[in-house]
Amino acid sequence: MDVSLISKKIKTYFNLATPRGLFSATFFILILARLVYVLFPAKIAWDASVYIGMGKYLATLGSVGLWEFFRPPILPILFSFGEIIHFPIAWAQILTFLAGAGSLYLIYKIGERIRPFAGVFGSIALGVSTLFLSFSTVPMTEVFGVFFSLLALYLLSVKEYYFAAGLTAALCFLTRFPYGLLAPIICLGFLYFNWQDKTLWKIFFKKFVYFSAGFLIISLLYLASNYIFYGDFFSPLVAGVEVISGSIWIYARHLGFYENVLFLKNPLFIFSLITLYMTFFRGFFKEKKYMIFLLSIWFLIFFAYFFHEVHKEARYIVTIFPAISLLAGISISYFYEKSKGYFFPVLLSTFIVITFFSTTFFVLPRHISQSFRSFYSELKKEQGKTVITSSPMVTAYSPVKIIPAYDRWEFFKNLYEQNRSKADFLLIDSCELHVCVPGSEELCDGYKKAVLDEVYVRENVIYDKTVGACHHIIAEIKK
């Protein structure tokens, strides 16, 4: 083996003066940061446990897990293999990690087609962004939505495989329903050309037909499956809207909520606004104005959609991250090439550090994390048993079926009374029964007392511990 040849290749790949070298170095750092993050103790997120439970449901043909029909189907399909190999949580986390790493690579490849170093800095902007970094190993729709949307854009703009891009955009839609807007956004992007040129109209129709065909094939199959299984083409979509409309007072946010998430917690994204100004008001980047137009309508349409929604959560705005990261990378790359001294590199490094330390990680003290895992794993030997539960997290750790009794003590009480004869166990995590209509606190406390009194008197309590502010109870239902 020629050591000098290997050394030369390493120097080439990590030559910071080239886009590939700088990306290789930053990609290594970003992946290393994610690997370190994996080592910290954490509690699995609510939605993550649902998708893992749905994967178990598919893999076992309904013997264990749960099925929430209003959820997009791609993650349960991907996660189902984890149940087959008996590592459902680890498999879901590995896939999430790979999707995040793939997103960083895709944004680099797309950005470099726009201008040198745009992909590098777009990848950095996405890689250190608060939410994207914190969701690195959280198996929810955020990271997968970013991955599939970038894959669609890559196939569209780099490979020019319009049919494959349509298929991928449909997969993105079935990963996270709001990404259904991505198809019309891309079609609007196709319209950016000189309308007086008849040849360009032919190219437009070719792109539109191929892309639309790919998108519609998968989307129509999904809608047809809805009719077969649920008797209605759109019932999961309608039900999903109804679900996020519940307990709306909890998720109502002040004006500027998303602006804070985007620009104050992720100051690198401010460069996206600079790119738009330089392009549409100062005439820069004319040769790639089509891509900037597409990214700008992606940014504006998704922002308008989520701004209009009363139910606001920081993670929803992650749908904008691919577009806003690429836009930021364009102007950052311009200033990077023009900078002569140390001012801009120092400013850029400061923004990266501010962004990183603004990140909220899903990390808990180790003893608390272990207590949650112990609680939700208590029924791991109760294969196929039915549990009335206040949280879906039990399905991630134990091979059980569940009867959901979420959100409120009132709901739990009613569902417990209705389904007691059908269940083998009940599980209460008091921190997941936190929803109470404002002004009804005394009534909520009454329902809580009634549930606990009945459980202690009527059932066989086999687990009863308090972790922090959370009261954990598991009881075997007496027949």
# chains A, B, ... in the order shown; residues from 1 in each chain; ligands from 1

$ select_by_dssp --residues "stretch 124-236 of chain A" --states "alpha helix (DSSP H)" --output "ChimeraX atom specification"
/A:124-127,130-134,141-157,162-173,182-190,198-230,235-236

$ closest_atom_pairs --of "stretch 321-382 of chain A" --to "stretch 396-405 of chain A" --cutoff "6 Å" --atoms "only C-alpha atoms" --output "Markdown table"
| residue | atom | partner | partner_atom | distance |
| --- | --- | --- | --- | --- |
| A:Tyr376 | CA | A:Tyr397 | CA | 5.9 |
| A:Ser377 | CA | A:Tyr397 | CA | 5.1 |
| A:Leu379 | CA | A:Ser398 | CA | 5.6 |
| A:Lys380 | CA | A:Ser398 | CA | 4.2 |

$ write_last_selection --atoms "C-alpha atoms" --output "compact mmCIF listing (two decimals), in the first residue's frame"
# COMPACT_ATOMS: atom_id res chain seq x y z
CA TYR A 376 -42.28 1.77 30.28
CA SER A 377 -40.38 -1.56 30.10
CA LEU A 379 -44.59 -4.92 30.77
CA LYS A 380 -41.92 -6.22 28.38

$ residues_around --residues "A:Ile114" --least-positions-apart "4" --cutoff "12 Å" --atoms "only C-alpha atoms" --output "PyMOL selection string"
chain A and resi 107-110+118-120+122+154+157-158+285-292+295+326-327+329-331+333-334

$ write_last_selection --atoms "N, CA and C atoms" --output "PDB file, in the first residue's frame"
ATOM      1  N   ILE A 107     -27.804  18.614   0.646  1.00  0.00           N
ATOM      2  CA  ILE A 107     -27.838  20.075   0.559  1.00  0.00           C
ATOM      3  C   ILE A 107     -26.498  20.607   0.037  1.00  0.00           C
ATOM      4  N   TYR A 108     -25.435  19.907   0.375  1.00  0.00           N
ATOM      5  CA  TYR A 108     -24.111  20.257  -0.178  1.00  0.00           C
ATOM      6  C   TYR A 108     -24.096  20.087  -1.698  1.00  0.00           C
ATOM      7  N   LYS A 109     -24.578  18.957  -2.196  1.00  0.00           N
ATOM      8  CA  LYS A 109     -24.569  18.694  -3.639  1.00  0.00           C
ATOM      9  C   LYS A 109     -25.456  19.678  -4.394  1.00  0.00           C
ATOM     10  N   ILE A 110     -26.606  20.002  -3.821  1.00  0.00           N
ATOM     11  CA  ILE A 110     -27.515  20.959  -4.479  1.00  0.00           C
ATOM     12  C   ILE A 110     -26.903  22.351  -4.496  1.00  0.00           C
ATOM     13  N   ALA A 118     -21.552  27.385  -1.771  1.00  0.00           N
ATOM     14  CA  ALA A 118     -22.939  27.564  -1.307  1.00  0.00           C
ATOM     15  C   ALA A 118     -23.444  26.291  -0.636  1.00  0.00           C
ATOM     16  N   GLY A 119     -23.088  25.138  -1.188  1.00  0.00           N
ATOM     17  CA  GLY A 119     -23.501  23.877  -0.591  1.00  0.00           C
ATOM     18  C   GLY A 119     -22.834  23.624   0.743  1.00  0.00           C
ATOM     19  N   VAL A 120     -21.567  24.026   0.848  1.00  0.00           N
ATOM     20  CA  VAL A 120     -20.837  23.848   2.110  1.00  0.00           C
ATOM     21  C   VAL A 120     -21.509  24.630   3.227  1.00  0.00           C
ATOM     22  N   GLY A 122     -24.506  26.013   3.163  1.00  0.00           N
ATOM     23  CA  GLY A 122     -25.892  25.564   3.353  1.00  0.00           C
ATOM     24  C   GLY A 122     -25.949  24.363   4.270  1.00  0.00           C
ATOM     25  N   TYR A 154     -32.839  17.449  -5.184  1.00  0.00           N
ATOM     26  CA  TYR A 154     -31.606  16.955  -5.800  1.00  0.00           C
ATOM     27  C   TYR A 154     -31.901  16.258  -7.132  1.00  0.00           C
ATOM     28  N   SER A 157     -33.044  19.179  -9.607  1.00  0.00           N
ATOM     29  CA  SER A 157     -32.142  20.246 -10.041  1.00  0.00           C
ATOM     30  C   SER A 157     -30.755  19.756 -10.441  1.00  0.00           C
ATOM     31  N   VAL A 158     -30.284  18.674  -9.838  1.00  0.00           N
ATOM     32  CA  VAL A 158     -28.942  18.171 -10.140  1.00  0.00           C
ATOM     33  C   VAL A 158     -28.997  17.074 -11.199  1.00  0.00           C
ATOM     34  N   PHE A 285     -26.432  37.083  -8.597  1.00  0.00           N
ATOM     35  CA  PHE A 285     -26.735  35.663  -8.807  1.00  0.00           C
ATOM     36  C   PHE A 285     -27.745  35.436  -9.947  1.00  0.00           C
ATOM     37  N   LYS A 286     -27.630  36.240 -11.012  1.00  0.00           N
ATOM     38  CA  LYS A 286     -28.594  36.152 -12.117  1.00  0.00           C
ATOM     39  C   LYS A 286     -28.595  34.785 -12.791  1.00  0.00           C
ATOM     40  N   GLU A 287     -27.415  34.164 -12.848  1.00  0.00           N
ATOM     41  CA  GLU A 287     -27.311  32.891 -13.556  1.00  0.00           C
ATOM     42  C   GLU A 287     -28.070  31.766 -12.848  1.00  0.00           C
ATOM     43  N   LYS A 288     -28.373  31.934 -11.566  1.00  0.00           N
ATOM     44  CA  LYS A 288     -29.093  30.905 -10.813  1.00  0.00           C
ATOM     45  C   LYS A 288     -30.386  31.468 -10.210  1.00  0.00           C
ATOM     46  N   LYS A 289     -30.960  32.428 -10.894  1.00  0.00           N
ATOM     47  CA  LYS A 289     -32.154  33.080 -10.358  1.00  0.00           C
ATOM     48  C   LYS A 289     -33.342  32.122 -10.303  1.00  0.00           C
ATOM     49  N   TYR A 290     -33.363  31.138 -11.217  1.00  0.00           N
ATOM     50  CA  TYR A 290     -34.451  30.148 -11.201  1.00  0.00           C
ATOM     51  C   TYR A 290     -34.474  29.381  -9.880  1.00  0.00           C
ATOM     52  N   MET A 291     -33.303  28.883  -9.442  1.00  0.00           N
ATOM     53  CA  MET A 291     -33.237  28.122  -8.203  1.00  0.00           C
ATOM     54  C   MET A 291     -33.580  28.996  -7.006  1.00  0.00           C
ATOM     55  N   ILE A 292     -33.120  30.230  -7.022  1.00  0.00           N
ATOM     56  CA  ILE A 292     -33.408  31.139  -5.914  1.00  0.00           C
ATOM     57  C   ILE A 292     -34.904  31.453  -5.875  1.00  0.00           C
ATOM     58  N   LEU A 295     -36.573  28.363  -4.326  1.00  0.00           N
ATOM     59  CA  LEU A 295     -36.334  28.315  -2.878  1.00  0.00           C
ATOM     60  C   LEU A 295     -37.100  29.403  -2.141  1.00  0.00           C
ATOM     61  N   LEU A 326     -30.241  26.661   2.126  1.00  0.00           N
ATOM     62  CA  LEU A 326     -29.620  26.874   0.817  1.00  0.00           C
ATOM     63  C   LEU A 326     -29.529  28.362   0.479  1.00  0.00           C
ATOM     64  N   LEU A 327     -30.602  29.101   0.756  1.00  0.00           N
ATOM     65  CA  LEU A 327     -30.577  30.544   0.507  1.00  0.00           C
ATOM     66  C   LEU A 327     -29.483  31.211   1.331  1.00  0.00           C
ATOM     67  N   GLY A 329     -26.760  29.800   2.441  1.00  0.00           N
ATOM     68  CA  GLY A 329     -25.469  29.367   1.930  1.00  0.00           C
ATOM     69  C   GLY A 329     -25.007  30.169   0.728  1.00  0.00           C
ATOM     70  N   ILE A 330     -25.949  30.658  -0.065  1.00  0.00           N
ATOM     71  CA  ILE A 330     -25.588  31.406  -1.284  1.00  0.00           C
ATOM     72  C   ILE A 330     -24.884  32.713  -0.934  1.00  0.00           C
ATOM     73  N   SER A 331     -25.478  33.529  -0.065  1.00  0.00           N
ATOM     74  CA  SER A 331     -24.840  34.813   0.269  1.00  0.00           C
ATOM     75  C   SER A 331     -23.633  34.624   1.179  1.00  0.00           C
ATOM     76  N   SER A 333     -21.527  32.172   0.985  1.00  0.00           N
ATOM     77  CA  SER A 333     -20.433  31.795   0.084  1.00  0.00           C
ATOM     78  C   SER A 333     -19.893  33.014  -0.663  1.00  0.00           C
ATOM     79  N   TYR A 334     -20.777  33.935  -1.013  1.00  0.00           N
ATOM     80  CA  TYR A 334     -20.351  35.157  -1.707  1.00  0.00           C
ATOM     81  C   TYR A 334     -19.431  35.983  -0.811  1.00  0.00           C
TER      82      TYR A 334
END

$ closest_residue --among "A:Leu348, A:Val146, A:Val128, A:Ala42" --to "A:Ser369" --atoms "only C-alpha atoms"
A:Ala42

$ residues_around --residues "stretch 44-46 of chain A" --least-positions-apart "4" --cutoff "9 Å" --atoms "only C-alpha atoms" --output "ChimeraX atom specification"
/A:50,89,138-140,362,373,391-393,396
